[in-house]
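Heads up, my_file.tsv below (TSV, C-alpha atoms):
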```
chain	number	residue	atom	x	y	z
A	27	MET	CA	6.50	-15.25	8.70
A	28	GLY	CA	6.61	-17.43	5.56
A	29	GLU	CA	9.59	-18.28	3.42
A	30	LEU	CA	10.55	-15.35	1.25
A	31	SER	CA	13.21	-14.38	-1.20
A	32	ASN	CA	16.32	-12.89	0.38
A	33	ASP	CA	15.71	-9.50	-1.13
A	34	ALA	CA	12.37	-8.99	0.63
A	35	ILE	CA	12.05	-5.69	2.50
A	36	ARG	CA	12.67	-6.48	6.17
A	37	VAL	CA	10.20	-4.71	8.44
A	38	LEU	CA	10.22	-4.28	12.23
A	39	ILE	CA	6.90	-3.23	13.82
A	40	VAL	CA	7.03	-1.22	17.05
A	41	ASP	CA	3.82	-0.38	18.89
A	42	ASP	CA	2.65	-0.87	22.46
A	43	HIS	CA	-0.69	-2.31	21.31
A	44	GLY	CA	-0.35	-6.00	20.51
A	45	LEU	CA	-3.55	-6.08	18.51
A	46	PHE	CA	-2.42	-3.23	16.27
A	47	ARG	CA	0.95	-4.96	15.68
A	48	ARG	CA	-0.85	-8.20	14.75
A	49	GLY	CA	-3.07	-6.30	12.31
A	50	LEU	CA	-0.10	-4.70	10.57
A	51	GLU	CA	1.73	-8.00	10.44
A	52	ALA	CA	-1.28	-9.83	8.98
A	53	THR	CA	-1.65	-7.14	6.30
A	54	LEU	CA	2.04	-7.24	5.35
A	55	GLN	CA	2.24	-11.05	5.32
A	56	LEU	CA	0.17	-10.98	2.13
A	57	GLU	CA	2.97	-9.11	0.32
A	58	PRO	CA	5.56	-11.38	-1.35
A	59	ASP	CA	8.27	-8.71	-1.25
A	60	ILE	CA	7.84	-7.68	2.40
A	61	GLU	CA	8.81	-9.73	5.43
A	62	VAL	CA	7.97	-8.81	9.02
A	63	VAL	CA	11.16	-9.85	10.80
A	64	GLY	CA	10.12	-8.85	14.30
A	65	GLU	CA	8.03	-6.71	16.58
A	66	ALA	CA	8.61	-4.70	19.73
A	67	SER	CA	6.34	-3.03	22.28
A	68	ASP	CA	8.49	-0.09	23.39
A	69	GLY	CA	11.49	1.98	22.34
A	70	GLY	CA	14.08	0.09	24.36
A	71	ASP	CA	12.93	-3.25	22.98
A	72	ALA	CA	12.84	-1.67	19.49
A	73	LEU	CA	16.49	-0.64	19.70
A	74	ALA	CA	17.60	-4.12	20.79
A	75	LYS	CA	15.57	-5.80	18.04
A	76	ALA	CA	16.74	-3.34	15.37
A	77	ALA	CA	20.39	-3.93	16.27
A	78	GLU	CA	19.86	-7.70	16.15
A	79	LEU	CA	17.58	-7.99	13.08
A	80	LEU	CA	18.92	-5.08	10.94
A	81	PRO	CA	15.53	-4.22	9.41
A	82	ASP	CA	15.23	-2.13	6.24
A	83	VAL	CA	12.15	-0.32	7.50
A	84	VAL	CA	10.95	0.29	11.08
A	85	LEU	CA	7.28	1.16	11.59
A	86	MET	CA	7.18	2.86	14.98
A	87	ASP	CA	4.46	4.38	17.11
A	88	VAL	CA	5.23	8.01	17.99
A	89	LYS	CA	3.87	7.74	21.52
A	90	MET	CA	5.02	4.78	23.58
A	91	PRO	CA	5.76	4.17	27.23
A	92	ARG	CA	9.35	3.44	28.35
A	93	ARG	CA	11.50	5.25	25.85
A	94	GLY	CA	9.19	6.87	23.35
A	95	GLY	CA	9.34	6.90	19.58
A	96	ILE	CA	11.50	10.00	19.20
A	97	GLU	CA	14.24	8.87	21.54
A	98	ALA	CA	14.15	5.39	20.00
A	99	CYS	CA	14.35	6.94	16.55
A	100	THR	CA	17.63	8.68	17.38
A	101	ALA	CA	19.07	5.53	18.96
A	102	ILE	CA	18.05	3.23	16.09
A	103	LYS	CA	19.50	5.61	13.48
A	104	GLN	CA	22.82	5.49	15.36
A	105	ALA	CA	22.77	1.70	15.71
A	106	VAL	CA	21.44	0.88	12.22
A	107	PRO	CA	22.02	3.92	9.98
A	108	SER	CA	20.60	2.12	6.94
A	109	ALA	CA	17.21	1.51	8.58
A	110	ARG	CA	14.46	3.82	7.41
A	111	ILE	CA	12.07	4.77	10.20
A	112	VAL	CA	8.41	5.56	9.63
A	113	MET	CA	6.43	6.95	12.55
A	114	LEU	CA	2.88	5.69	13.07
A	115	THR	CA	0.56	8.37	14.37
A	116	MET	CA	-3.10	9.14	15.04
A	117	SER	CA	-2.86	12.72	13.80
A	118	ASP	CA	-0.51	14.43	11.38
A	119	ASP	CA	-0.38	17.70	13.27
A	120	GLU	CA	1.44	16.31	16.28
A	121	ALA	CA	4.54	18.24	17.26
A	122	ASP	CA	6.17	14.84	17.88
A	123	LEU	CA	6.26	14.13	14.15
A	124	TYR	CA	8.29	17.21	13.59
A	125	GLU	CA	10.77	16.10	16.27
A	126	ALA	CA	10.80	12.58	14.83
A	127	VAL	CA	11.76	13.75	11.35
A	128	LYS	CA	14.48	15.93	12.85
A	129	ALA	CA	15.66	12.82	14.71
A	130	GLY	CA	16.07	10.95	11.44
A	131	ALA	CA	12.65	9.47	10.60
A	132	SER	CA	11.82	9.26	6.89
A	133	GLY	CA	8.28	10.40	7.54
A	134	TYR	CA	5.07	9.12	9.01
A	135	LEU	CA	1.88	7.21	8.30
A	136	LEU	CA	-1.51	7.82	9.86
A	137	LYS	CA	-2.75	4.81	11.77
A	138	GLU	CA	-5.98	4.78	9.79
A	139	ILE	CA	-4.09	4.41	6.50
A	140	PRO	CA	-6.12	2.25	4.07
A	141	VAL	CA	-4.83	-1.32	4.21
A	142	ASP	CA	-4.05	-1.36	0.49
A	143	GLU	CA	-1.79	1.69	0.79
A	144	LEU	CA	0.42	0.35	3.59
A	145	ALA	CA	2.69	-1.89	1.49
A	146	GLY	CA	3.12	0.80	-1.17
A	147	SER	CA	4.20	3.31	1.47
A	148	ILE	CA	6.76	0.86	2.85
A	149	ARG	CA	8.17	0.29	-0.65
A	150	GLN	CA	8.35	4.05	-1.22
A	151	VAL	CA	10.35	4.61	1.95
A	152	TYR	CA	12.56	1.62	1.22
A	153	GLU	CA	13.38	3.20	-2.14
A	154	GLY	CA	14.48	6.37	-0.38
A	155	GLN	CA	11.36	8.53	-0.62
A	156	SER	CA	10.03	10.55	2.30
A	157	LEU	CA	6.51	10.27	3.62
A	158	ILE	CA	6.04	13.84	4.74
A	159	ASN	CA	3.21	16.18	3.88
A	160	PRO	CA	4.19	19.49	2.25
A	161	SER	CA	3.24	21.64	5.25
A	162	LEU	CA	5.52	19.66	7.57
A	163	ALA	CA	8.24	19.71	4.90
A	164	SER	CA	8.12	23.50	4.62
A	165	LYS	CA	8.11	23.88	8.41
A	166	LEU	CA	11.24	21.73	8.55
A	167	LEU	CA	12.85	23.70	5.75
A	168	THR	CA	12.30	26.96	7.56
A	169	GLU	CA	13.81	25.51	10.72
A	170	PHE	CA	16.81	24.11	8.86
A	171	ALA	CA	17.25	27.48	7.20
A	172	THR	CA	17.41	29.33	10.52
A	173	MET	CA	19.77	26.67	11.85
A	174	SER	CA	22.05	27.06	8.85
A	175	LYS	CA	22.06	30.85	9.21
A	176	ARG	CA	23.29	30.38	12.76
A	177	THR	CA	26.03	28.00	11.69
A	178	THR	CA	27.35	29.65	8.57
A	179	SER	CA	30.92	28.53	8.48
A	180	PRO	CA	33.00	29.34	5.42
A	181	GLN	CA	33.14	26.27	3.23
A	182	SER	CA	36.66	25.29	2.38
A	183	VAL	CA	35.59	22.69	-0.18
A	184	PRO	CA	33.80	24.05	-3.24
A	185	ALA	CA	30.41	22.40	-3.75
A	186	PRO	CA	30.45	19.71	-6.45
A	187	LYS	CA	28.91	20.86	-9.71
A	188	LEU	CA	25.40	19.60	-10.30
A	189	THR	CA	23.98	19.73	-13.81
A	190	ALA	CA	21.07	22.09	-14.50
A	191	ARG	CA	18.70	19.11	-14.55
A	192	GLU	CA	20.06	17.79	-11.24
A	193	MET	CA	19.49	21.23	-9.72
A	194	GLU	CA	15.86	21.15	-10.92
A	195	VAL	CA	15.39	17.72	-9.38
A	196	LEU	CA	17.06	18.79	-6.12
A	197	ARG	CA	14.80	21.83	-5.85
A	198	ALA	CA	11.75	19.64	-6.45
A	199	VAL	CA	12.90	17.18	-3.77
A	200	ALA	CA	13.37	20.10	-1.39
A	201	ARG	CA	9.78	21.17	-2.04
A	202	GLY	CA	8.64	17.80	-0.73
A	203	LEU	CA	7.65	16.28	-4.10
A	204	ASN	CA	7.90	12.52	-4.54
A	205	ASN	CA	9.45	10.81	-7.56
A	206	ARG	CA	6.16	10.49	-9.42
A	207	GLU	CA	5.37	14.20	-8.97
A	208	ILE	CA	8.88	15.24	-10.02
A	209	ALA	CA	8.68	13.03	-13.12
A	210	LYS	CA	5.37	14.64	-14.06
A	211	GLU	CA	6.59	18.18	-13.43
A	212	LEU	CA	9.82	17.77	-15.42
A	213	PHE	CA	8.34	15.51	-18.14
A	214	ILE	CA	10.81	12.70	-17.49
A	215	SER	CA	10.34	9.08	-16.37
A	216	GLU	CA	10.31	8.07	-12.70
A	217	ASN	CA	13.37	5.92	-13.40
A	218	THR	CA	15.25	8.96	-14.68
A	219	VAL	CA	14.26	10.86	-11.54
A	220	LYS	CA	15.64	8.01	-9.41
A	221	ASN	CA	18.92	8.08	-11.36
A	222	HIS	CA	19.22	11.85	-10.96
A	223	ILE	CA	18.63	11.58	-7.22
A	224	ARG	CA	21.18	8.79	-6.92
A	225	ASN	CA	23.74	10.96	-8.76
A	226	ILE	CA	22.94	14.03	-6.65
A	227	LEU	CA	23.40	12.08	-3.40
A	228	GLU	CA	26.64	10.55	-4.68
A	229	LYS	CA	28.08	13.86	-5.87
A	230	LEU	CA	27.18	15.64	-2.64
A	231	GLN	CA	28.10	12.61	-0.50
A	232	LEU	CA	24.72	12.60	1.20
A	233	HIS	CA	22.72	9.60	2.40
A	234	SER	CA	19.07	10.55	2.09
A	235	ARG	CA	16.58	12.88	0.46
A	236	MET	CA	16.15	14.66	3.77
A	237	GLU	CA	19.89	15.44	3.89
A	238	ALA	CA	19.65	16.68	0.31
A	239	VAL	CA	16.90	19.06	1.39
A	240	VAL	CA	19.01	20.36	4.26
A	241	TYR	CA	21.90	20.81	1.85
A	242	ALA	CA	19.69	22.71	-0.62
A	243	VAL	CA	18.59	25.07	2.12
A	244	ARG	CA	22.08	25.55	3.49
A	245	GLU	CA	23.44	26.36	0.07
A	246	LYS	CA	20.51	28.74	-0.51
A	247	LEU	CA	19.49	26.73	-3.59
A	248	LEU	CA	15.83	27.43	-3.04
A	249	GLU	CA	13.83	30.33	-1.77
A	250	ILE	CA	11.80	29.54	1.32
A	251	THR	CA	8.51	31.34	1.37
```
Any chance you could put this one into structure tokens?
Amino acid sequence: MGELSNDAIRVLIVDDHGLFRRGLEATLQLEPDIEVVGEASDGGDALAKAAELLPDVVLMDVKMPRRGGIEACTAIKQAVPSARIVMLTMSDDEADLYEAVKAGASGYLLKEIPVDELAGSIRQVYEGQSLINPSLASKLLTEFATMSKRTTSPQSVPAPKLTAREMEVLRAVARGLNNREIAKELFISENTVKNHIRNILEKLQLHSRMEAVVYAVREKLLEIT
């Protein structure tokens, strides 16, 4: 795990297949801005390693023996809130993925992802983007909406005022668009989108895009079809 600059993205790989872990590690070793800081073969081991190594991104198999991916996801988010968790999966229609995102995962990658896309996906997640396909995003939104209907408590604190542009960006985020797509749709640069999102999260005191989506639904800022 060669010498790298301190600001490299620290990655922990969790999968019960040693060969698959090696393959991921070999692929990522070629990236100067990504460092594989450790690997684990099950959820329990993953939690211990995450707490010790404080990775930026955890790549974790959804299905593992001895404390599966979902349970580990919840535990790692509690132990290392800043870690972004990406589930590795064979198929993107697994119910587990849905549970994983609800447990705090930033999204998922299919195991047959082209090698040249892996590093880009890790950078995306590290920058705060979600790796979730639109159909899963809308399923989540609907669920969050029903949850928020059940727990409608009167809000004592008035919601902070977002600018019209920030509202547009928030709605786009809630529709599952990534920064590039939002930039294209609103005719602004990706950098501007990032700044808007940073401001939105700061104003609303939220920590992630996913929380912003939940907020948007709770505040009925977007119609769910």
Q: Could you please determine the separation between atom CA of A:Gly70 and atom CA of A:Ser117 in Å, to one decimal place?
A: 23.6 Å
Q: Within 10 Å of (5.7, 1.6, 2.0) (coordinates as in the file), grab all the protein and nucleic acid residues, counting only C-alpha atoms, and write them out as a PyMOL selection string.
A: chain A and resi 35+60+83+85+112+135+143-153+155-157
Selected residues written out, C-alpha atoms, as a PDB file, in the frame of the given file:
```
ATOM      1  CA  ILE A  35      12.050  -5.690   2.500  1.00  0.00           C
ATOM      2  CA  ILE A  60       7.840  -7.680   2.400  1.00  0.00           C
ATOM      3  CA  VAL A  83      12.150  -0.320   7.500  1.00  0.00           C
ATOM      4  CA  LEU A  85       7.280   1.160  11.590  1.00  0.00           C
ATOM      5  CA  VAL A 112       8.410   5.560   9.630  1.00  0.00           C
ATOM      6  CA  LEU A 135       1.880   7.210   8.300  1.00  0.00           C
ATOM      7  CA  GLU A 143      -1.790   1.690   0.790  1.00  0.00           C
ATOM      8  CA  LEU A 144       0.420   0.350   3.590  1.00  0.00           C
ATOM      9  CA  ALA A 145       2.690  -1.890   1.490  1.00  0.00           C
ATOM     10  CA  GLY A 146       3.120   0.800  -1.170  1.00  0.00           C
ATOM     11  CA  SER A 147       4.200   3.310   1.470  1.00  0.00           C
ATOM     12  CA  ILE A 148       6.760   0.860   2.850  1.00  0.00           C
ATOM     13  CA  ARG A 149       8.170   0.290  -0.650  1.00  0.00           C
ATOM     14  CA  GLN A 150       8.350   4.050  -1.220  1.00  0.00           C
ATOM     15  CA  VAL A 151      10.350   4.610   1.950  1.00  0.00           C
ATOM     16  CA  TYR A 152      12.560   1.620   1.220  1.00  0.00           C
ATOM     17  CA  GLU A 153      13.380   3.200  -2.140  1.00  0.00           C
ATOM     18  CA  GLN A 155      11.360   8.530  -0.620  1.00  0.00           C
ATOM     19  CA  SER A 156      10.030  10.550   2.300  1.00  0.00           C
ATOM     20  CA  LEU A 157       6.510  10.270   3.620  1.00  0.00           C
TER      21      LEU A 157
END
```
Q: List every protein, DNA or RNA residue that has at least one atom no more than 12 Å from (-5.4, 9.1, 11.6) in the file's coordinates, counting only C-alpha atoms, and write the result as a PyMOL selection string.
A: chain A and resi 114-120+134-140
Q | Residues near A:Cys99, cut-off 10 Å, only C-alpha atoms, skip fewer than 3 positions along chain, as a ChimeraX atom specification | A | /A:69,72-73,84,86,88,93-96,102-105,110-113,125-131
Q: Rank A:Leu54, A:Val239, A:Phe46, A:Leu123 by their smallest atom-to-atom distance to A:Ala34, using only C-alpha atoms, and report the top residue only.
A: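 Answer, going by the shortest atom-to-atom distance: A:Leu54.
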**Q.** Atom pair atom CA of A:Ile39 / atom CA of A:Glu65: separation (Å)
**A.**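 Answer for the atom CA of A:Ile39 to atom CA of A:Glu65 separation: 4.6 Å.
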Q: Please indicate the distance in Å from atom CA of A:Glu97 to atom CA of A:Gly202, rounded to one decimal place.
A: 24.6 Å
Q: Could you give me, as number ranges by chain, the residues within 12 Å of A:Asn204, counting only C-alpha atoms and dropping anything in the same chain fewer than 4 positions from it?
A: A: 147, 150-151, 153-160, 163, 195-200, 208-211, 216, 219-220, 223, 235-236
Selection file, C-alpha atoms, as a PDB file, keeping the file's coordinate frame:
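Output contents, as saved in again_6.pdb:
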```pdb
ATOM      1  CA  SER A 147       4.200   3.310   1.470  1.00  0.00           C
ATOM      2  CA  GLN A 150       8.350   4.050  -1.220  1.00  0.00           C
ATOM      3  CA  VAL A 151      10.350   4.610   1.950  1.00  0.00           C
ATOM      4  CA  GLU A 153      13.380   3.200  -2.140  1.00  0.00           C
ATOM      5  CA  GLY A 154      14.480   6.370  -0.380  1.00  0.00           C
ATOM      6  CA  GLN A 155      11.360   8.530  -0.620  1.00  0.00           C
ATOM      7  CA  SER A 156      10.030  10.550   2.300  1.00  0.00           C
ATOM      8  CA  LEU A 157       6.510  10.270   3.620  1.00  0.00           C
ATOM      9  CA  ILE A 158       6.040  13.840   4.740  1.00  0.00           C
ATOM     10  CA  ASN A 159       3.210  16.180   3.880  1.00  0.00           C
ATOM     11  CA  PRO A 160       4.190  19.490   2.250  1.00  0.00           C
ATOM     12  CA  ALA A 163       8.240  19.710   4.900  1.00  0.00           C
ATOM     13  CA  VAL A 195      15.390  17.720  -9.380  1.00  0.00           C
ATOM     14  CA  LEU A 196      17.060  18.790  -6.120  1.00  0.00           C
ATOM     15  CA  ARG A 197      14.800  21.830  -5.850  1.00  0.00           C
ATOM     16  CA  ALA A 198      11.750  19.640  -6.450  1.00  0.00           C
ATOM     17  CA  VAL A 199      12.900  17.180  -3.770  1.00  0.00           C
ATOM     18  CA  ALA A 200      13.370  20.100  -1.390  1.00  0.00           C
ATOM     19  CA  ILE A 208       8.880  15.240 -10.020  1.00  0.00           C
ATOM     20  CA  ALA A 209       8.680  13.030 -13.120  1.00  0.00           C
ATOM     21  CA  LYS A 210       5.370  14.640 -14.060  1.00  0.00           C
ATOM     22  CA  GLU A 211       6.590  18.180 -13.430  1.00  0.00           C
ATOM     23  CA  GLU A 216      10.310   8.070 -12.700  1.00  0.00           C
ATOM     24  CA  VAL A 219      14.260  10.860 -11.540  1.00  0.00           C
ATOM     25  CA  LYS A 220      15.640   8.010  -9.410  1.00  0.00           C
ATOM     26  CA  ILE A 223      18.630  11.580  -7.220  1.00  0.00           C
ATOM     27  CA  ARG A 235      16.580  12.880   0.460  1.00  0.00           C
ATOM     28  CA  MET A 236      16.150  14.660   3.770  1.00  0.00           C
TER      29      MET A 236
END
```
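Closest approach to A:Lys229 among A:Ala98, A:Leu188, A:Leu166, A:Val40 is made by A:Leu188 (distances from only C-alpha atoms).
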Q. Do you know which residues are at most 12 Å from A:Glu228 counting all atoms listed in the file, after dropping those on the same chain fewer than 4 positions away, and could you put them as a PyMOL selection string?
A. chain A and resi 186-188+192+221-224+232-235+237-238
Only C-alpha atoms, please: the residues just picked out, written as a JSON list (two decimals), in the frame of the given file.
```json
[["chain", "number", "residue", "atom", "x", "y", "z"],
["A", 186, "PRO", "CA", 30.45, 19.71, -6.45],
["A", 187, "LYS", "CA", 28.91, 20.86, -9.71],
["A", 188, "LEU", "CA", 25.40, 19.60, -10.30],
["A", 192, "GLU", "CA", 20.06, 17.79, -11.24],
["A", 221, "ASN", "CA", 18.92, 8.08, -11.36],
["A", 222, "HIS", "CA", 19.22, 11.85, -10.96],
["A", 223, "ILE", "CA", 18.63, 11.58, -7.22],
["A", 224, "ARG", "CA", 21.18, 8.79, -6.92],
["A", 232, "LEU", "CA", 24.72, 12.60, 1.20],
["A", 233, "HIS", "CA", 22.72, 9.60, 2.40],
["A", 234, "SER", "CA", 19.07, 10.55, 2.09],
["A", 235, "ARG", "CA", 16.58, 12.88, 0.46],
["A", 237, "GLU", "CA", 19.89, 15.44, 3.89],
["A", 238, "ALA", "CA", 19.65, 16.68, 0.31]]
```
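Closest approach to A:Glu61 from the set A:Pro81, A:Arg36, A:His43, A:Ala121 is made by A:Arg36, with distances taken over only C-alpha atoms.
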